[in-house]
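Enquirer: Below is one structure. I have some questions about it.
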Amino acid sequence: MAKSRFIFMCLECGTSHERHMGRCPDCGTFNSLKEHRLGTASSEPTPRLAGESATAVSITQIEAREEDRMAIGMGEVDRVLGGGLVPGCGILLSGEPGVGKSTLLLQIAQAISSTGNRFLYITGEESAAQVRLRADRIGASSEELWLLPECDVEAIEQQILSIRPAVVGIDSIQTIRWEQIPAGAGGVVQVREVTSRLLALARREGIPMLMVGHVTKDGGVAGPRALEHMVDAVLQFEGERGHALRVLRGLKNRFGSTEEVGIFEMRSDGLIEVENPSGLLLGDRRHSSPGSAAAAVLEGSRPLLLEIQALVTPAAHGAPARKVSGIDSGRLSMLAAVLEKRLGIPLGGCDIHANAVGGVKLRGTAGDLALAAAILSSFHDRALPRDVIFAGEVGLLGEIRPVPGTRQRLEEAKRLGFQAACLAPGSLEGLPLDGMRIHETQELADLAKRFVE
Ligand SMILES: Nc1ncnc2c1ncn2[C@@H]1O[C@H](COP(=O)(O)OP(=O)(O)OP(=O)(O)O)[C@@H](O)[C@H]1O
Ligand SMILES: [Mg+2]
């Protein structure tokens, strides 16, 4: 049942907060928070679709079919969603500024509307003309793609009810405001209340809703982090500045796995789906330079081959530097410490720069062996053989451990012309080997002996 609620607004800076405090956390002014009453509380929308009963019934009497999912028609997005949009679902599409969120949302809108399903694209940041220009650049739009430049949540609700779209997209949720809340758009309370209202409408009407949310480098106080528990799925769009590769990752998904990722290339004509990203990533690899190793990792269920580079130089001053791009700095420090301890090489007096080429982020531990090989190769200034792929985890004792999915990794490596693989003992478990030499490597000392010493 709807009930009254209070928020506390700072008279000095205009931000709103959910509880009273003696000092405004945003501007630091004392005694500036003033109580403000909201008409209805909507932060916990009733999760009922239209026509669903308010009384408890047996689950066997509920009608819901997997076929009710609406495939978007972009394979990489459907893969991440687990097959498509579920009626009434709320999806948050987050990412750093400029990564391509609006482009992705507009391409989704074009794909859905091209099949005759009406898509309502609500733009709170750009004018309808700007959206039209982008749409013309990235593809053909159908008549069923409707645009609404609007920031007021009540006006948006009215439009949704009057034009009854099959899917709604909002760019971005931070720009939408509710007049009842006096603070400016983008504040935590505003964003939460507005999202809650829109999600309630989506559930009631069974309309899937895609909401773009901005994330700042530090996670953003007013950013979508606060919303993650409210929505059904959180998709994060990632990419490195200056690189074309974009990865769509499910951080949360109530209707599918969070293991799958979608991979795209950002081009002037929009996002192109990339089914086999390894070729793109290894395309310009300088095979025979010291400090370069090829790693076979898994992104979701797909193998991905990428180049790991390391540069080891005498420390310039004081403490040795550990600089990374696309690689976890903790993992690099750990590997450097293990290499120093187990092989006796003086990395404590060296700066190490490490880089996953192509703008991807190296996750998990399967890239350890490639990173260790790249560090050794740079330290000894000896290039690794160009046709070897590395896959394995390195432990604190210097031991190499097997990683799952060896078959997929090796098949992908073979497809891209690699002729040998360096793996932990026992990785193969009876897999047929046709055409690939396997170097089983028990520990880091074996790796160094075989390739660089
Ligand atoms: N004319 C163009 N040609 C090529 N690439 C372009 C062009 N215009 C935009 N881009 C690419 O699109 C990216 C911006 O995409 P988009 O506006 O979808 O990002 P966004 O995540 O919505 O950004 P914001 O956070 O500012 O809303 C740019 O960084 C650039 O890579
Ligand atoms: Mg945008």
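By convention in this document, the chains of the structure tokens carry letters A, B, ... by their order, each chain's residues are numbered from 1, and ligands are numbered from 1 in the order they are shown.
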Could you tell me, counting only C-alpha atoms and all ligand atoms, which protein and nucleic acid residues lie no more than 7 Å from ligand 2, written as a PyMOL selection string?
Expert: chain A and resi 98+100-102+171
Enquirer: Give me, as a tab-separated table, each residue of segment 269-383 of chain A that comes within 8 Å of segment 130-154 of chain A, together with its shortest interatomic pair and the distance in Å at one decimal, counting only C-alpha atoms, with rows ordered by chain and rising residue number.
Expert:
residue	atom	partner	partner_atom	distance
A:Asp269	CA	A:Ile138	CA	4.5
A:Gly270	CA	A:Ile138	CA	4.7
A:Leu271	CA	A:Ile138	CA	7.9
Enquirer: Give me the residues near Pro385 of chain A as JSON, numbers by chain, where near means some atom within 12 Å (using only C-alpha atoms) and where sequence neighbours in that chain fewer than 3 positions away do not count.
Expert: {"A": [286, 287, 288, 289, 290, 291, 292, 293, 294, 373, 374, 377, 382, 388, 389, 390, 418, 419, 420, 421, 422, 450, 451, 452]}
Enquirer: Counting only C-alpha atoms, what is within 12 Å of Leu339 of chain A, bar same-chain residues fewer than 3 positions away, as an MDAnalysis selection string?
Expert: chainID A and resid 332:336 342:348 368:369 371:376 379 394:399 443:445 447:448
Enquirer: Would you write out those residues with N, CA and C atoms, as a JSON list (two decimals), in the first residue's frame?
Expert:
[["chain", "number", "residue", "atom", "x", "y", "z"],
["A", 332, "LEU", "N", 50.09, -9.14, -10.92],
["A", 332, "LEU", "CA", 51.45, -8.87, -11.43],
["A", 332, "LEU", "C", 52.45, -8.86, -10.27],
["A", 333, "SER", "N", 52.11, -8.19, -9.18],
["A", 333, "SER", "CA", 53.02, -8.14, -8.04],
["A", 333, "SER", "C", 53.28, -9.53, -7.50],
["A", 334, "MET", "N", 52.22, -10.33, -7.43],
["A", 334, "MET", "CA", 52.36, -11.70, -6.92],
["A", 334, "MET", "C", 53.29, -12.51, -7.82],
["A", 335, "LEU", "N", 53.08, -12.40, -9.14],
["A", 335, "LEU", "CA", 53.92, -13.18, -10.06],
["A", 335, "LEU", "C", 55.37, -12.73, -9.98],
["A", 336, "ALA", "N", 55.58, -11.42, -9.87],
["A", 336, "ALA", "CA", 56.95, -10.91, -9.78],
["A", 336, "ALA", "C", 57.62, -11.44, -8.52],
["A", 342, "ARG", "N", 61.44, -17.95, -6.51],
["A", 342, "ARG", "CA", 61.68, -19.31, -7.01],
["A", 342, "ARG", "C", 62.83, -19.39, -8.01],
["A", 343, "LEU", "N", 63.02, -18.33, -8.79],
["A", 343, "LEU", "CA", 64.08, -18.41, -9.81],
["A", 343, "LEU", "C", 65.28, -17.54, -9.45],
["A", 344, "GLY", "N", 65.16, -16.78, -8.38],
["A", 344, "GLY", "CA", 66.29, -15.95, -7.94],
["A", 344, "GLY", "C", 66.60, -14.78, -8.86],
["A", 345, "ILE", "N", 65.63, -14.37, -9.70],
["A", 345, "ILE", "CA", 65.92, -13.22, -10.56],
["A", 345, "ILE", "C", 65.52, -11.93, -9.82],
["A", 346, "PRO", "N", 66.38, -10.90, -9.87],
["A", 346, "PRO", "CA", 66.20, -9.75, -8.97],
["A", 346, "PRO", "C", 65.14, -8.75, -9.46],
["A", 347, "LEU", "N", 63.86, -9.20, -9.51],
["A", 347, "LEU", "CA", 62.81, -8.30, -10.00],
["A", 347, "LEU", "C", 62.50, -7.19, -8.99],
["A", 348, "GLY", "N", 62.93, -7.39, -7.73],
["A", 348, "GLY", "CA", 62.71, -6.34, -6.71],
["A", 348, "GLY", "C", 63.43, -5.05, -7.07],
["A", 368, "ASP", "N", 48.13, -16.26, -16.10],
["A", 368, "ASP", "CA", 49.35, -16.18, -15.28],
["A", 368, "ASP", "C", 50.59, -16.67, -16.03],
["A", 369, "LEU", "N", 50.44, -17.83, -16.68],
["A", 369, "LEU", "CA", 51.61, -18.45, -17.30],
["A", 369, "LEU", "C", 52.15, -17.56, -18.43],
["A", 371, "LEU", "N", 51.79, -14.33, -18.64],
["A", 371, "LEU", "CA", 52.39, -13.12, -18.05],
["A", 371, "LEU", "C", 53.77, -13.44, -17.48],
["A", 372, "ALA", "N", 53.89, -14.59, -16.82],
["A", 372, "ALA", "CA", 55.20, -14.98, -16.28],
["A", 372, "ALA", "C", 56.19, -15.16, -17.43],
["A", 373, "ALA", "N", 55.73, -15.79, -18.52],
["A", 373, "ALA", "CA", 56.61, -16.02, -19.67],
["A", 373, "ALA", "C", 57.04, -14.68, -20.28],
["A", 374, "ALA", "N", 56.09, -13.72, -20.36],
["A", 374, "ALA", "CA", 56.43, -12.41, -20.93],
["A", 374, "ALA", "C", 57.45, -11.68, -20.06],
["A", 375, "ILE", "N", 57.28, -11.78, -18.74],
["A", 375, "ILE", "CA", 58.23, -11.12, -17.83],
["A", 375, "ILE", "C", 59.63, -11.74, -17.98],
["A", 376, "LEU", "N", 59.68, -13.07, -17.99],
["A", 376, "LEU", "CA", 60.98, -13.76, -18.13],
["A", 376, "LEU", "C", 61.62, -13.39, -19.47],
["A", 379, "PHE", "N", 62.95, -9.88, -19.25],
["A", 379, "PHE", "CA", 64.10, -9.81, -18.34],
["A", 379, "PHE", "C", 65.36, -10.36, -19.01],
["A", 394, "VAL", "N", 49.59, -19.82, -12.06],
["A", 394, "VAL", "CA", 50.84, -19.96, -11.31],
["A", 394, "VAL", "C", 50.51, -19.84, -9.82],
["A", 395, "GLY", "N", 51.00, -20.80, -9.03],
["A", 395, "GLY", "CA", 50.76, -20.78, -7.58],
["A", 395, "GLY", "C", 51.91, -20.09, -6.86],
["A", 396, "LEU", "N", 51.73, -19.89, -5.57],
["A", 396, "LEU", "CA", 52.75, -19.18, -4.79],
["A", 396, "LEU", "C", 54.05, -19.97, -4.67],
["A", 397, "LEU", "N", 53.99, -21.28, -4.90],
["A", 397, "LEU", "CA", 55.20, -22.10, -4.80],
["A", 397, "LEU", "C", 55.93, -22.17, -6.13],
["A", 398, "GLY", "N", 55.38, -21.47, -7.12],
["A", 398, "GLY", "CA", 56.00, -21.50, -8.44],
["A", 398, "GLY", "C", 55.48, -22.64, -9.28],
["A", 399, "GLU", "N", 54.48, -23.37, -8.76],
["A", 399, "GLU", "CA", 53.94, -24.51, -9.52],
["A", 399, "GLU", "C", 52.92, -24.01, -10.55],
["A", 443, "GLU", "N", 56.71, -26.37, -13.29],
["A", 443, "GLU", "CA", 56.92, -25.17, -12.46],
["A", 443, "GLU", "C", 57.66, -24.09, -13.24],
["A", 444, "LEU", "N", 57.78, -22.93, -12.62],
["A", 444, "LEU", "CA", 58.36, -21.78, -13.33],
["A", 444, "LEU", "C", 59.77, -22.07, -13.81],
["A", 445, "ALA", "N", 60.52, -22.88, -13.03],
["A", 445, "ALA", "CA", 61.90, -23.18, -13.43],
["A", 445, "ALA", "C", 61.92, -23.90, -14.79],
["A", 447, "LEU", "N", 59.68, -23.57, -17.12],
["A", 447, "LEU", "CA", 59.30, -22.56, -18.13],
["A", 447, "LEU", "C", 60.54, -21.78, -18.56],
["A", 448, "ALA", "N", 61.32, -21.33, -17.56],
["A", 448, "ALA", "CA", 62.51, -20.53, -17.86],
["A", 448, "ALA", "C", 63.52, -21.37, -18.64]]
Enquirer: Quick one: residues within 9 Å of ligand 1, with only C-alpha atoms and all ligand atoms, as a PyMOL selection string?
Expert: chain A and resi 94-106+125-126+134+137+171-172+212-215+237+241-244+266-271
Enquirer: Rank A:Ile62, A:Val312, A:Leu423, A:Ala200 by their smallest atom-to-atom distance to Ala296 of chain A, using only C-alpha atoms, and report the top residue only.
Expert: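 Looking at the shortest contact to Ala296 of chain A, the residue is A:Leu423.
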